[in-house]
Amino acid sequence: MIPRVDRLFMKHLRPLRRWFSRRELAARVMSDTSTVAPDDTSSELDPGLVLIQIDGLPKRELERAIASGRMPFLRRLLERERFQLGTFYSGLPATTPAVQAELFYGVRTAVPAFAFRSRRTRETVEMLEPEVGALRESAIAQAGGPPLLEGGSAYCDVFRGGAAEPHFCVASLTFRAVMHRIRPWLWPALTALYLPTALRVLALAAAEMLVGFGEALLGWSNGEKLKSEFEFIHKRVLVGVILREWMVAGARLDATRGLPVIHVNFLGYDEKAHRRGPDSAFAHRSLPGIDQAIRRIAQAARRSRRREYEVWIYADHGQERTTQYEHQFGRGIDEAVSEVATRVLSLRPQRPPKLTTIALGPIGHVYGDPPLDESDCGQLAEALVQDADVPVTYLLDDRGVKFWTRTGQKGRLPEDAQLLLGTDHPQLDDVADDLVALCRHPEAGQIVIGGWFTGSQPLSFVGENGGHAGPGPHETGGFTLLPPDTPVSGQTVRPTELRNAVLSRMVAHADRWSAVCGSASTRRDTVRLLTYNVHGCVGTDGRLSPRRIARAVAECDPDIVALQELDVGRRRSGMRDQAREIADLLGMICEFHPSFRFEDEQYGNAVLSRFPLRLVSAGALPQRVPQPAEPRGALWVEIDMGGQMLQVITTHLGLNGTERLRQVEALLGPEWFGSPLLSGPAVLCGDLNAGSRSMPYRRLAARLRDATQTNGRPRATFPSRWPVVRIDHVFASDDIELIETEVVRTTTMVTASDHLPLLVEFRLPILEHKTGEA
């Protein structure tokens with residue numbers, strides 16, 4: 001009954017519900033043949049990528065938020081979906097414009113700071129100005145590589161990254177660009193479709209405003225300025241609720257439409273962290289909303305009928321808790337630089353130059369007009385740390401970058417990086433090189449001032465309690481949260497390396513998972529065996545995709561794979577050899593046996609292995625008479641595990657109870673497990689269509705050990721969306737040491753087939769012996 005109900009839902013109800021879903025209706029309203037991928041269940045989907053940026057969230061604060069339960073979806077990705085947490089080194093300056101220039105175009109240190117003096121106009125510019133952003137992106141695009149977001153969409157970024165559909169990106173907010181994007185003829189239809197969402201957003205905004213009033217009063221009682229606190233309320237409502245929900249709705253619709261790449265930038269945490277500090281409860285209270293937003297986008301991406309999306313999450317940089325320079329020393333940085341410069345340059349025979357200090361965060365630039373000579377720069381840079389209490393100053397010369405610190409240390413970069421940054425800085429060499437590149441930027445100041453060096457309390461030159469831009473370990477330390485089969489998953493990467501991983505991911509190629517699938521096997525002394533009924537490679541969404549099955553298998557990193565219900569040369573699956581195709585994608589050896597043939601069409605089971613294997617036997621199992629159902633068979637291979645031979649038998653038993661019992665008796669008889677050819681360690685696995693209380697199961701359990709008993713009560717394997725029964729099993733001989741068993745239920749597994757894969761890890765005597773000798 002369960003299989004019939006489940007397949008009825010797959011065949012009729014799910015497509016009907018999808019056809020009338022709000023996003024599908026909106027996608028048809030907005031259909032554009034230049035951007036929307038086709039919806040075809042019979043062919044493999046092109047790859048797609050959803051890149052989600054949590055602006056300014058340091059890796060250590062993410063770990064705190066996950067541990068405290070504020071981000072349950074991200075925790076699920078780590079624990080259940082096997083995502084891996086890595087470090088994202090931002091480069092310098094540690095700001096969103098610099099990171100996105102490197103990520104989107106491959107150009108490092110594209111800007112010297114968030115605010116600086118333009119070399120062309122000699123005026124102060126900020127990267128939040130649309131005209132400035134558009135001009136900068138045009139220059140960066142000419143100097144860099146292909147845009148990362150070409151043909152896709154971008155939300156709330158500084159740069160567009162080549163996106164065909166940029167939304168609230170600084171560089172696309174010029175009047176001309178905004179007028180070009182307005183399509184008023186779509187408004188009535190979209191308003192009608194998304195009216196419930198609009199009402200929900202209004203309710204959330206009202207609740208956020210009430211909370212904002214309370215927190216503003218709390219901040220005032222703790223010494224913050226009341227006017228500033230109330231002025232922040234509208235920003236937190238706009239950024240933390242309205243923009244967030246608008247981005248979620250847009251990104252979900254883009255995934256339904258099948259755009260190739262979608263980039264979303266959540267700003268709420270960064271805004272609050274600037275105000276109260278990155279470790280404050282005030283900032284952390286924004287994270288549950290972001291977590292839920294990511295969950296909703298990921299859900300839409302998973303359900304897309306037009307692309308096979310992956311979701312990658314990262315933070316472009318982190319933040320340091322900072323002390324405000326003006327609060328600590330009673331004067332602003334402009335005034336301090338001016339006073340020191342007046343004293344240092346007062347003895348010059350010529351008129352002192354006019355100095356301009358631009359400091360928006362922990363990095364600032366001092367410009368002279370006309371430029372200071374080299375000796376004056378050196379005197380002023382040293383005086384600023386001694387008399388103006390600037391933590392560190394940098395000065396570019398012909399041999400590199402000289403630095404002075406407030407504690408009297410001085411040296412040169414990159415050779416004296418340990419003196420400035422500390423021996424324990426996680427990106428010591430990269431930061432030193434990037435500091436030199438920053439000081440060499442053509443629009444950097446003659447003197448660069450910094451708010452941090454090793455052993456000092458971080459300072460910001462503006463009124464904020466959390467800052468970023470400089471070389472501190474936490475302001476440069478964002479994070480990546482990536483799927484397990486990503487080449488850079490779990491590593492420390494900078495924007496260029498993440499960019500390269502994205503570009504390679506967007507190109508489907510035959511050996512996509514082969515290297516990943518074998519990554520751990522060379523380092524372990526155990527064997528991982530996976531048994532998986534793949535349902536003809538047709539998923540619960542009705543889509544035929546051997547490539548998705550290969551990806552699901554690769555996520556488990558098995559050494560041996562037993563697959564059931566494979567098509568080879570069948571019209572219903574496009575005449576493809578599914579067994580060979582999956583094996584090639586995984587870089588494995590394959591042995592296939594058809595349970596039945598009809599003309600040139602075949603259907604049956606296969607064993608894939610990373611180790612050499614040979615066919616021992618393959619044949620049919622007894623059928624029900626006088627009305628035979630679907631023919632059933634078994635496949636026996638011998639695998640050379642480095643000197644020890646492992647016997648593996650896989651099968652798929654019938655649906656009738658009496659028939660299954662006869663088939664089990666045959667498997668235990670002289671042609672299979674009772675054969676004189678079978679000696680040494682042996683495994684029987686597959687879809688038995690029988691639970692643990694059935695007679696076929698009990699007959700097998702009396703002769704062999706149930707591998708799933710190692711973890712207590714075993715989990716169900718069928719159906720994959722709502723598993724209620726375990727009909728997939730692994731049995732092992734007594735000389736095999738069973739270590740761990742897992743029913744793998746990631747998002748990929750739930751949709752790839754109607755069964756969940758069963759993974760067993762064990763140790764053979766020969767492997768244990770060799771490990772002991774080593």
# chains A, B, ... in the order shown; residues from 1 in each chain; ligands from 1
call {"tool": "select_by_dssp", "arguments": {"residues": "range 367-613 of chain A", "states": "strand (DSSP E)", "output": "PyMOL selection string"}}
result
chain A and resi 367-369+392-397+400-405+410-413+447-450+459-460+466-467+477-482+492-493+527-533+560-568+589-598+601-609+613
call {"tool": "closest_residue", "arguments": {"among": "A:Asp254, A:Asp369, A:Glu565, A:Glu271", "to": "Glu165 in chain A", "atoms": "only C-alpha atoms"}}
result
A:Asp254
call {"tool": "residues_around", "arguments": {"residues": "Arg576 in chain A", "least_positions_apart": "4", "cutoff": "12 Å", "atoms": "only C-alpha atoms", "output": "list in words"}}
result
Ser42, Ser43, Glu44, Gly536, Cys537, Leu544, Ser545, Pro546, Arg547, Leu566, Asp567, Val568, Gly569, Arg570, Arg571, Arg572, Arg580, Glu581, Ile582, Asp600, Glu601, Gln602 and Tyr603 of chain A
call {"tool": "select_by_dssp", "arguments": {"residues": "range 44-200 of chain A", "states": "helix (DSSP H, G or I)", "output": "PyMOL selection string"}}
result
chain A and resi 59-67+72-79+96-105+130-143+170-172+175-181+184-193+195-200
call {"tool": "residues_around", "arguments": {"residues": "Ser138 in chain A", "least_positions_apart": "6", "cutoff": "12 Å", "atoms": "only C-alpha atoms", "output": "list in words"}}
result
Ala101, Tyr105, Ala110, Glu131, Val132, Gly144, Pro147, Phe159, Arg160, Gly161, Gly162, Ala171 and Ser172 of chain A
call {"tool": "residues_around", "arguments": {"residues": "Asp376 in chain A", "least_positions_apart": "5", "cutoff": "9 Å", "atoms": "only C-alpha atoms", "output": "list of chain:residue names"}}
result
A:Val344, A:Leu345, A:Ala381
